[in-house]
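Chemist: Here you go, one structure.
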Amino acid sequence: MTQPSFGVIGLAVMGENLALNVESRGFPVAVYNRTAAKTEEFMSKRAQDKQVTAAYSLEEFVKTLARPRKILVMVKAGKPVDAVIDQLKPLLEPDDMIIDGGNSLYGDTERRTQDLEATGLGFVGMGVSGGEEGALNGPSLMPGGTDTAYQELEPILVKIAAQVDDGPCVTYIGPGGAGHYVKMVHNGIEYGDMQLIAEAYDILKNGLGLNHQQLHEVFTEWNTTDELNSFLIEITADIFKYIDQDSNLPLVDLILDSAGQKGTGRWTVVSSLELGVPIPTMYAAVNARVISSYKDERIAAAKELTGPVSKYDGDTKALIGKVRDALYCSKMCSYAQGMALLSKASEEFNYNLNLAETARIWKGGCIIRAGFLDKIKNAFNENPKLPNLLLAPEFKQTILDRQNAWREVLATSNQLGIPVPAFSASLDYFDSYRRERLPQNITQAQRDYFGAHTYERVDKPRGEFFHTEWMSNS
């Protein structure tokens with residue numbers, strides 16, 4: 001067997017699957033796991049007769065690899081990544097490289113890149129999206145960090161990434177923490193997408209009374225449309241048809257309504273606040289998961305706080321179509337917010353992001369892969385300086401044509417007492433962005449009144465500030 005130059009540390013499912021993906025594309029692989037039993041299990045059950053070499057110490061692992069060594073670290077984000085890097089550094093030589101394929105915070109990646117580049121090593125912080133199946137068969141890859149390290153890795157990455165009509169779903173994202181920043185925002189958009197789908201489901205099930213078979217049919221039909229064709233809509237349709245063998249009930253109805261999160265959605269919200277970019281759909285999605293975790297309190301509150309209990313008594317088929325339109329309009333707003341955040345971060349952190357390429361590599365492999373990403377790619381190809389996706393001609397006209405249906409869905413949901421925080425946040429974003437004048441003139445007046453924070457005037461040049469002694473006029 002040819003001596004491998006690529007190695008994987010960490011043999012949880014993602015690490016195992018990425019190792020097998022690399023090997024299946026013709027690149028021998030070395031593997032190491034802190035627990036020897038895990039390595040032995042992988043070698044005996046999944047790596048038999050493959051070009052995979054097992055190592056049982058980091059020293060042995062490093063010696064196994066040909067230079068320049070390419071070491072993919074697949075361990076839990078945070079201190080475990082730093083611990084592995086600290087153990088590897090004394091064992092490596094200049095031009096060797098470490099790739100962090102976990103969901104690390106971009107600031108940590110920035111720090112690690114600077115630290116390792118100063119020692120002559122390369123560091124690539126690489127977002128990986130697609131879950132277990134994507135890792136094995138072709139994920140979307142978002143590598144950032146040391147440019148020369150990426151050039152060494154590129155022949156492997158273009159082979160293992162998902163393949164779509166216009167190329168592999170990988171590109172060099174940018175320096176420092178760029179790759180993990182883009183992955184973080186990808187996950188923020190994913191949070192928004194999932195919450196929007198949950199709200200559409202809530203309206204259809206609890207507002208219109210659709211059963212699991214009807215829900216399956218609606219989502220299956222939506223997945224055939226140009227607007228909503230996507231991985232998340234596809235798997236949602238599948239979820240509705242799964243029947244629990246023990247109870248003979250739809251399994252989804254038996255799942256506790258308390259959603260977990262691993263932090264990337266919250267990180268996206270925090271970054272947006274720091275950069276001053278509004279992403280209300282993602283805020284709403286994160287908040288929805290948080291409030292869902294208050295299950296015991298909600299059970300108690302439901303016994304004391306009442307609201308509407310009626311079902312929708314209008315044209316069910318027509319409202320289903322309007323829910324589809326509302327979902328698409330809201331998705332457009334969510335993606336517009338995500339791309340605006342990426343644009344601001346690129347400017348702030350000197351990432352030099354290519355937003356068209358970012359949309360392109362999300363077309364396959366990743367969780368938010370969707371048909372309309374091609375339209376987003378085209379919009380930024382046509383105008384790389386596009387300030388907001390909603391201003392792209394195709395998206396602008398679509399949202400203008402469908403906004404009445406969108407508004408009706410929100411009004412109906414409110415009347416039925418069905419919370420739709422992400423739908424509402426998306427429409428509020430659209431209405432705020434399209435308004436020439438917002439009521440924050442009163443906010444500025446208040447701030448100046450109690451804190452002398454000053455204000456600008458509409459009849460004076462921008463950048464000229466004024467203060468008023470408000471009590472003197474009373």
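Naming scheme: A, B, ... for chains in displayed order of the structure tokens; residues 1 onward per chain; ligands 1 onward as shown.
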Residues near stretch 437-446 of chain A, anyone? I mean within 7 Å using only C-alpha atoms, not counting same-chain ones fewer than 3 positions away, as a PyMOL selection string.
Modeler: chain A and resi 449-450+455
Chemist: For A:Gly7, please output as an mmCIF file with C-alpha atoms, in the first residue's frame all residues within 9 Å (counting only C-alpha atoms; exclusion window: fewer than 2 positions along the same chain).
Modeler:
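The resulting file, around-v4.cif, is shown below:
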data_model
loop_
_atom_site.group_PDB
_atom_site.id
_atom_site.type_symbol
_atom_site.label_atom_id
_atom_site.label_comp_id
_atom_site.auth_asym_id
_atom_site.auth_seq_id
_atom_site.Cartn_x
_atom_site.Cartn_y
_atom_site.Cartn_z
ATOM 1 C CA PRO A 4 -0.566 7.760 3.244
ATOM 2 C CA SER A 5 -0.080 11.492 3.620
ATOM 3 C CA ILE A 9 -7.745 11.780 14.359
ATOM 4 C CA ALA A 19 -11.783 8.636 6.438
ATOM 5 C CA PRO A 28 -4.637 5.979 1.455
ATOM 6 C CA VAL A 29 -5.498 7.047 5.000
ATOM 7 C CA ALA A 30 -3.987 6.655 8.477
ATOM 8 C CA VAL A 31 -6.314 6.754 11.489
ATOM 9 C CA TYR A 32 -5.919 7.284 15.217
ATOM 10 C CA THR A 53 -3.464 2.143 8.354
ATOM 11 C CA PHE A 61 0.393 8.065 13.665
ATOM 12 C CA VAL A 62 2.672 10.944 12.658
ATOM 13 C CA THR A 64 3.037 6.703 9.390
ATOM 14 C CA LEU A 65 2.298 9.783 7.295
ATOM 15 C CA ARG A 69 1.368 15.519 6.450
ATOM 16 C CA LYS A 70 -2.328 16.380 6.202
ATOM 17 C CA ILE A 71 -4.041 15.653 9.513
ATOM 18 C CA LEU A 72 -7.799 15.996 9.869
ATOM 19 C CA VAL A 73 -8.878 16.443 13.495
#
Chemist: List the spatial neighbours of A:Ala135 as a PyMOL selection string - criterion: any atom at most 9 Å away, only C-alpha atoms, same-chain residues fewer than 6 positions off excluded.
Modeler: chain A and resi 13-21+128-129+160-161+365
Chemist: Mind dumping the selected residues with N, CA and C atoms as a PDB file, in the first residue's frame?
Modeler:
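Dumped everything to selection_34.pdb:
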ATOM      1  N   VAL A  13     -18.557   8.874  14.370  1.00  0.00           N
ATOM      2  CA  VAL A  13     -19.134   8.554  13.055  1.00  0.00           C
ATOM      3  C   VAL A  13     -18.646   9.495  11.956  1.00  0.00           C
ATOM      4  N   MET A  14     -18.586  10.808  12.227  1.00  0.00           N
ATOM      5  CA  MET A  14     -18.138  11.747  11.196  1.00  0.00           C
ATOM      6  C   MET A  14     -16.697  11.485  10.800  1.00  0.00           C
ATOM      7  N   GLY A  15     -15.831  11.238  11.778  1.00  0.00           N
ATOM      8  CA  GLY A  15     -14.436  10.950  11.476  1.00  0.00           C
ATOM      9  C   GLY A  15     -14.280   9.677  10.671  1.00  0.00           C
ATOM     10  N   GLU A  16     -14.975   8.635  11.098  1.00  0.00           N
ATOM     11  CA  GLU A  16     -14.931   7.363  10.360  1.00  0.00           C
ATOM     12  C   GLU A  16     -15.379   7.555   8.920  1.00  0.00           C
ATOM     13  N   ASN A  17     -16.506   8.232   8.747  1.00  0.00           N
ATOM     14  CA  ASN A  17     -17.070   8.369   7.405  1.00  0.00           C
ATOM     15  C   ASN A  17     -16.199   9.230   6.498  1.00  0.00           C
ATOM     16  N   LEU A  18     -15.606  10.279   7.039  1.00  0.00           N
ATOM     17  CA  LEU A  18     -14.704  11.087   6.219  1.00  0.00           C
ATOM     18  C   LEU A  18     -13.459  10.291   5.838  1.00  0.00           C
ATOM     19  N   ALA A  19     -12.939   9.484   6.760  1.00  0.00           N
ATOM     20  CA  ALA A  19     -11.783   8.636   6.438  1.00  0.00           C
ATOM     21  C   ALA A  19     -12.115   7.671   5.310  1.00  0.00           C
ATOM     22  N   LEU A  20     -13.289   7.065   5.389  1.00  0.00           N
ATOM     23  CA  LEU A  20     -13.700   6.119   4.349  1.00  0.00           C
ATOM     24  C   LEU A  20     -13.962   6.833   3.026  1.00  0.00           C
ATOM     25  N   ASN A  21     -14.479   8.037   3.093  1.00  0.00           N
ATOM     26  CA  ASN A  21     -14.713   8.829   1.889  1.00  0.00           C
ATOM     27  C   ASN A  21     -13.384   9.116   1.188  1.00  0.00           C
ATOM     28  N   VAL A 128     -17.790  21.455   7.760  1.00  0.00           N
ATOM     29  CA  VAL A 128     -18.242  20.243   7.057  1.00  0.00           C
ATOM     30  C   VAL A 128     -19.739  20.118   7.297  1.00  0.00           C
ATOM     31  N   SER A 129     -20.520  20.114   6.230  1.00  0.00           N
ATOM     32  CA  SER A 129     -21.964  19.972   6.385  1.00  0.00           C
ATOM     33  C   SER A 129     -22.480  18.821   5.537  1.00  0.00           C
ATOM     34  N   ILE A 160     -13.619  14.413  -2.559  1.00  0.00           N
ATOM     35  CA  ILE A 160     -14.512  13.897  -1.515  1.00  0.00           C
ATOM     36  C   ILE A 160     -15.760  14.748  -1.333  1.00  0.00           C
ATOM     37  N   ALA A 161     -15.783  15.975  -1.885  1.00  0.00           N
ATOM     38  CA  ALA A 161     -16.941  16.856  -1.718  1.00  0.00           C
ATOM     39  C   ALA A 161     -18.104  16.375  -2.572  1.00  0.00           C
ATOM     40  N   GLY A 365     -24.747  18.297  -0.820  1.00  0.00           N
ATOM     41  CA  GLY A 365     -24.074  17.773   0.366  1.00  0.00           C
ATOM     42  C   GLY A 365     -24.570  18.323   1.680  1.00  0.00           C
TER      43      GLY A 365
END
Chemist: Looking at A:Leu121, A:Val8, A:Ala345, A:Ala356, which one is nearest to A:Val22, with distances taken over only C-alpha atoms?
Modeler: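 That would be A:Val8, the residue with the smallest distance to A:Val22.
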Chemist: Skipping near chain neighbours, those fewer than 6 positions away, what residues fall within 12 Å of A:Ile197 using only C-alpha atoms, listed as an MDAnalysis selection string?
Modeler: chainID A and resid 190:191 203:204 215 219 222 228 230:237 285 323:324 326:328 330:331 420:423
Chemist: Residues of stretch 399-451 of chain A classed as helix (DSSP H, G or I) by DSSP on the backbone are to be reported as number ranges by chain.
Modeler: A: 399-416, 421-434, 440-451
Chemist: Give me the residues within 10 Å of stretch 246-250 of chain A as a PDB file with C-alpha atoms, in the first residue's frame, counting only C-alpha atoms and dropping any in the same chain fewer than 6 places off.
Modeler:
ATOM      1  CA  ASN A 211     -53.388  14.239   9.281  1.00  0.00           C
ATOM      2  CA  HIS A 212     -49.958  12.673   8.839  1.00  0.00           C
ATOM      3  CA  GLN A 213     -50.769  11.263   5.394  1.00  0.00           C
ATOM      4  CA  ILE A 239     -40.866  11.961   8.665  1.00  0.00           C
ATOM      5  CA  PHE A 240     -44.653  12.199   8.338  1.00  0.00           C
TER       6      PHE A 240
END
Chemist: Fewer than 2 positions away in the same chain doesn't count, so skip those; otherwise give me all residues within 9 Å of stretch 378-386 of chain A, counting only C-alpha atoms, as a list in words.
Modeler: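 Near stretch 378-386 of chain A, the qualifying residues are Ser343, Asn354, Leu355, Ala356, Glu357, Ala359, Leu373, Asp374, Lys375, Ile376, Asn388, Leu389, Leu391, Ala392, Pro393, Glu394 and Phe395 of chain A.
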Chemist: Given the choices A:Leu208, A:Met126, A:Ile279, A:Ile291, which gets closest to A:Asn103 if the distance is worked out from only C-alpha atoms?
Modeler: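 Smallest distance to A:Asn103 is found for A:Met126.
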Chemist: Once DSSP has gone over the backbone, tell me which residues of stretch 58-226 of chain A are in strand (DSSP E), as a PyMOL selection string.
Modeler: chain A and resi 70-73+97-100+122-129+140-145+163-164+167-168
Chemist: Name the residues in contact with A:Arg266 at a cut-off of 8 Å, using only C-alpha atoms, excluding same-chain residues fewer than 3 positions from it; report them as a PyMOL selection string.
Modeler: chain A and resi 188+263+269-270+286
Chemist: Could you check the closest approach to A:Glu347 for each of A:Leu427, A:Ala178, A:Ile189, A:Ala411 and tell me which residue wins, using only C-alpha atoms?
Modeler: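 Answer, going by the shortest atom-to-atom distance: A:Ala178.
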